[in-house]
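Everything below concerns the one structure shown next.
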Amino acid sequence: MSEWTRQLMNELTEEVRNRINARKQKLGDDEVLALIEEVVLHESRSECCTYSEKADLICGIFNATRRELGLLQPYAENENISEIMVNGIDHIFVERNGKIERVPQKFESAEDLEELIRRLAARVHREINELNPIVDARLEDGARVNAVYKNVALNGPVLTIRRFPEKGIGMEALLECGTLTSASAEFLKKAVQGGLNLFVSGGTSSGKTTFLNVLSDYIPKEERVILIEDSAELQFNGVENLVRLETKNANVQGKGCVSLRQLIRTSLRMRPDRIIVGEVRGEEVVDMVQAQNSGHSGSMCTGHGNSTEGMLYRLEAMFLTAADFPIESVRGQIAEAIDLMIHMGRMPDKSRKVLEITEIVGYEDGKIQRNPLFMYRNGEGLVPTGNRLQNRTKLELKGVCLNDGL
């Protein structure tokens with residue numbers, strides 16, 4: 001598409017939008033398409049366009065007015081695609097059924113891609129430009145969007161859209177695909193019901209969010225849950241008494257920021273039975289640990305880590321960055337706060353597996369003591385280690401009994 005044709009399409013798109021707004025009624029796709037054809041075919045400047053160019057104009061205007069993702073719309077509507085990655089104007093990738101593939105479509109120019117990014121940001125009342133070159137937001141349909149402007153991204157504007165399934169995945173689906181075993185699933189069910197504090201760790205796209213959603217199915221219905229997230233992703237559909245809180249970034253004047261730390265602190269005044277923090281990645285770990293150490297049994301959280309031991313070190317580092325505490329005190333508080341750590345990983349075949357379930361049994365001799373209960377072994381899956389759960393007080397208080405061997 002030439003620069004002249006692109007400019008014509010932008011002007012006609014604006015005219016179509018004005019006509020749609022002037023009608024003050026909701027139009028169907030067929031009505032909008034008819035309106036676009038009328039505008040394009042009666043525009044004197046389009047007379048010099050070929051039939052193919054006119055068809056491109058109509059298609060481009062329709063995508064811009066009815067499908068806010070433009071050429072990405074078909075991928076956004078595909079249930080098998082979980083992520084869309086745009087690296088500049090001509091490198092577009094999607095994750096389809098767990099595998100990343102490149103698609104042939106491309107944007108005509110960096111300006112087209114930037115216009116799409118600006119529209120997405122405007123939908124959630126955010127602004128992106130060269131002074132504010134990064135936007136991280138959640139759309140109305142729950143999709144998470146991250147965009148970086150070309151003055152920061154050297155290969156052109158970058159856009160990443162992560163989509164989440166409308167229907168949550170249950171434990172049965174995870175068992176079918178081998179994410180964990182029936183014995184470990186039954187143990188985790190009782191751990192949630194019994195009010196153990198759980199921490200799910202793993203790398204990017206290892207399945208932490210999905211797994212936390214599944215675990216939420218086992219929260220007793222009579223309990224009040226406060227769910228706190230940076231960007232809302234979790235779907236706790238089975239929890240009736242649920243309060244959802246989401247952080248808020250500062251506006252262009254630098255005001256109005258609401259952090260995870262603030263939300264965790266205010267949640268303590270909401271009479272919570274359980275506090276769920278979607279992900280900790282900074283100073284909010286201090287408030288999370290203190291909340292778990294103040295009687296809110298059954299709390300859950302996720303974090304990025306390479307292993308359970310590595311995640312514990314990360315939590316220590318984040319805690320020490322936020323607060324001037326002796327290292328012994330920090331480790332002691334973390335060991336007291338977390339009962340179970342569940343580590344997940346993405347395998348070479350792109351499947352997600354639970355690789356380890358470990359009990360945190362305390363702090364001794366300068367180290368947080370761990371008691372591995374299940375470990376992943378090639379060819380066997382997630383198998384019991386033979387160790388028994390040591391701290392059973394919470395389970396006993398709730399009348400939860402474990403199977404023999406645990």
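Each chain in the structure tokens gets a letter, A, B and so on, in the order shown; residues start at 1 in every chain, and ligands are counted from 1 in the order they appear.
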
### Task
Pick out the residues sitting within 7 Å of range 282-288 of chain A, and hand them over as a list in words; count only C-alpha atoms, and ignore anything fewer than 4 positions along from it in its own chain.
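The residues satisfying every condition are Leu260, Arg261, Ile264, Arg265, Gln292, Leu315, Met318, Phe319, Thr321 and Ala322 of chain A.
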
### Task
Determine, counting only C-alpha atoms, which protein, DNA and RNA residues have an atom within 7 Å of an atom of range 193-197 of chain A; residues of the same chain fewer than 2 positions away are not included. Present the result as a PyMOL selection string.
chain A and resi 189-191+199+218-220+297-300+338-340+394-395+398+400

### Message
Among range 80-158 of chain A, which ones does DSSP assign to strand (DSSP E or B) (computed from the backbone)? Answer as a VMD selection string.
### Response
chain A and resid 81 to 87 92 to 96 99 to 103 134 to 138 144 to 148 158

### Task
Step one, run DSSP on the backbone; step two, keep only residues of range 169-334 of chain A assigned to alpha helix (DSSP H); then write them as number ranges by chain.
A: 171-176, 182-193, 208-216, 260-267, 285-292, 308-322, 327-334

### Summary
Min atom-atom distance to Asn151 in chain A from the set A:Leu175, A:Ala110, A:Cys48, A:Ala183, counting only C-alpha atoms, belongs to A:Ala110

### Residues near Ala137 in chain A, cut-off 7 Å, only C-alpha atoms, skip fewer than 4 positions along chain, as a PyMOL selection string
chain A and resi 144-146+231

For all heavy atoms, I'd like the residues from the last selection saved as a PDB file, in the first residue's frame.
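out04.pdb, written as the output of this step:
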ATOM      1  N   ARG A 144      -3.984  -9.671  28.489  1.00  0.00           N
ATOM      2  CA  ARG A 144      -2.935  -8.794  28.998  1.00  0.00           C
ATOM      3  C   ARG A 144      -2.114  -8.260  27.832  1.00  0.00           C
ATOM      4  O   ARG A 144      -1.678  -9.027  26.963  1.00  0.00           O
ATOM      5  CB  ARG A 144      -2.029  -9.542  29.977  1.00  0.00           C
ATOM      6  CG  ARG A 144      -1.075  -8.630  30.729  1.00  0.00           C
ATOM      7  CD  ARG A 144      -0.305  -9.395  31.775  1.00  0.00           C
ATOM      8  NE  ARG A 144       0.669 -10.288  31.173  1.00  0.00           N
ATOM      9  CZ  ARG A 144       1.383 -11.168  31.879  1.00  0.00           C
ATOM     10  NH1 ARG A 144       1.185 -11.283  33.171  1.00  0.00           N
ATOM     11  NH2 ARG A 144       2.257 -11.954  31.274  1.00  0.00           N
ATOM     12  N   VAL A 145      -1.904  -6.959  27.816  1.00  0.00           N
ATOM     13  CA  VAL A 145      -1.203  -6.305  26.714  1.00  0.00           C
ATOM     14  C   VAL A 145       0.043  -5.604  27.224  1.00  0.00           C
ATOM     15  O   VAL A 145      -0.004  -4.891  28.237  1.00  0.00           O
ATOM     16  CB  VAL A 145      -2.119  -5.270  26.013  1.00  0.00           C
ATOM     17  CG1 VAL A 145      -1.335  -4.476  24.983  1.00  0.00           C
ATOM     18  CG2 VAL A 145      -3.297  -5.966  25.358  1.00  0.00           C
ATOM     19  N   ASN A 146       1.142  -5.822  26.540  1.00  0.00           N
ATOM     20  CA  ASN A 146       2.371  -5.078  26.800  1.00  0.00           C
ATOM     21  C   ASN A 146       2.868  -4.514  25.479  1.00  0.00           C
ATOM     22  O   ASN A 146       2.905  -5.235  24.469  1.00  0.00           O
ATOM     23  CB  ASN A 146       3.446  -5.970  27.426  1.00  0.00           C
ATOM     24  CG  ASN A 146       4.758  -5.224  27.626  1.00  0.00           C
ATOM     25  OD1 ASN A 146       5.602  -5.183  26.741  1.00  0.00           O
ATOM     26  ND2 ASN A 146       4.914  -4.633  28.794  1.00  0.00           N
ATOM     27  N   SER A 231      -1.872  -7.238  37.249  1.00  0.00           N
ATOM     28  CA  SER A 231      -2.829  -7.196  36.146  1.00  0.00           C
ATOM     29  C   SER A 231      -3.734  -8.395  36.315  1.00  0.00           C
ATOM     30  O   SER A 231      -3.257  -9.527  36.397  1.00  0.00           O
ATOM     31  CB  SER A 231      -2.121  -7.263  34.790  1.00  0.00           C
ATOM     32  OG  SER A 231      -1.362  -6.098  34.558  1.00  0.00           O
TER      33      SER A 231
END

#### Entry: Spatial neighbours of Arg6 in chain A, max dist 12 Å, only C-alpha atoms, sep filter under 4 positions, as a PyMOL selection string
chain A and resi 1-2+10-13+46+53-54+56-58+60-61+107-109+111-112

### Query
Quick one, how far is CA of Pro372 in chain A from CA of Pro384 in chain A?
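The value is 8.6 Å.
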
### Message
Quick one: residues within 8 Å of Glu83 in chain A, only C-alpha atoms, excluding same-chain residues fewer than 5 positions away - as an MDAnalysis selection string?
### Response
chainID A and resid 94:96 160:163

#### Entry: Among the residues A:Glu233, A:Glu79, A:Glu114, A:Glu14, the one that comes closest to Phe62 in chain A [using only C-alpha atoms]
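Using only C-alpha atoms, Phe62 in chain A sits closest to A:Glu14.
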
### Task
Skip Thr308 in chain A itself and residues of its chain fewer than 6 positions away, then list as an MDAnalysis selection string all residues within 7 Å of it, counting only C-alpha atoms.
chainID A and resid 201 341 343

### Query
If you count only C-alpha atoms, which residues fall within 12 Å of Leu154 in chain A, apart from same-chain ones fewer than 3 positions away, as a count of residues only?
10

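The spacing separating CA of Pro104 in chain A from CA of His91 in chain A amounts to 8.3 Å.
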
### Query
Using only C-alpha atoms, which of A:Leu27, A:Leu188, A:Ala250, A:Ala34 sits nearest Arg126 in chain A?
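When distances to Arg126 in chain A are compared using only C-alpha atoms, the smallest one comes from A:Ala250.
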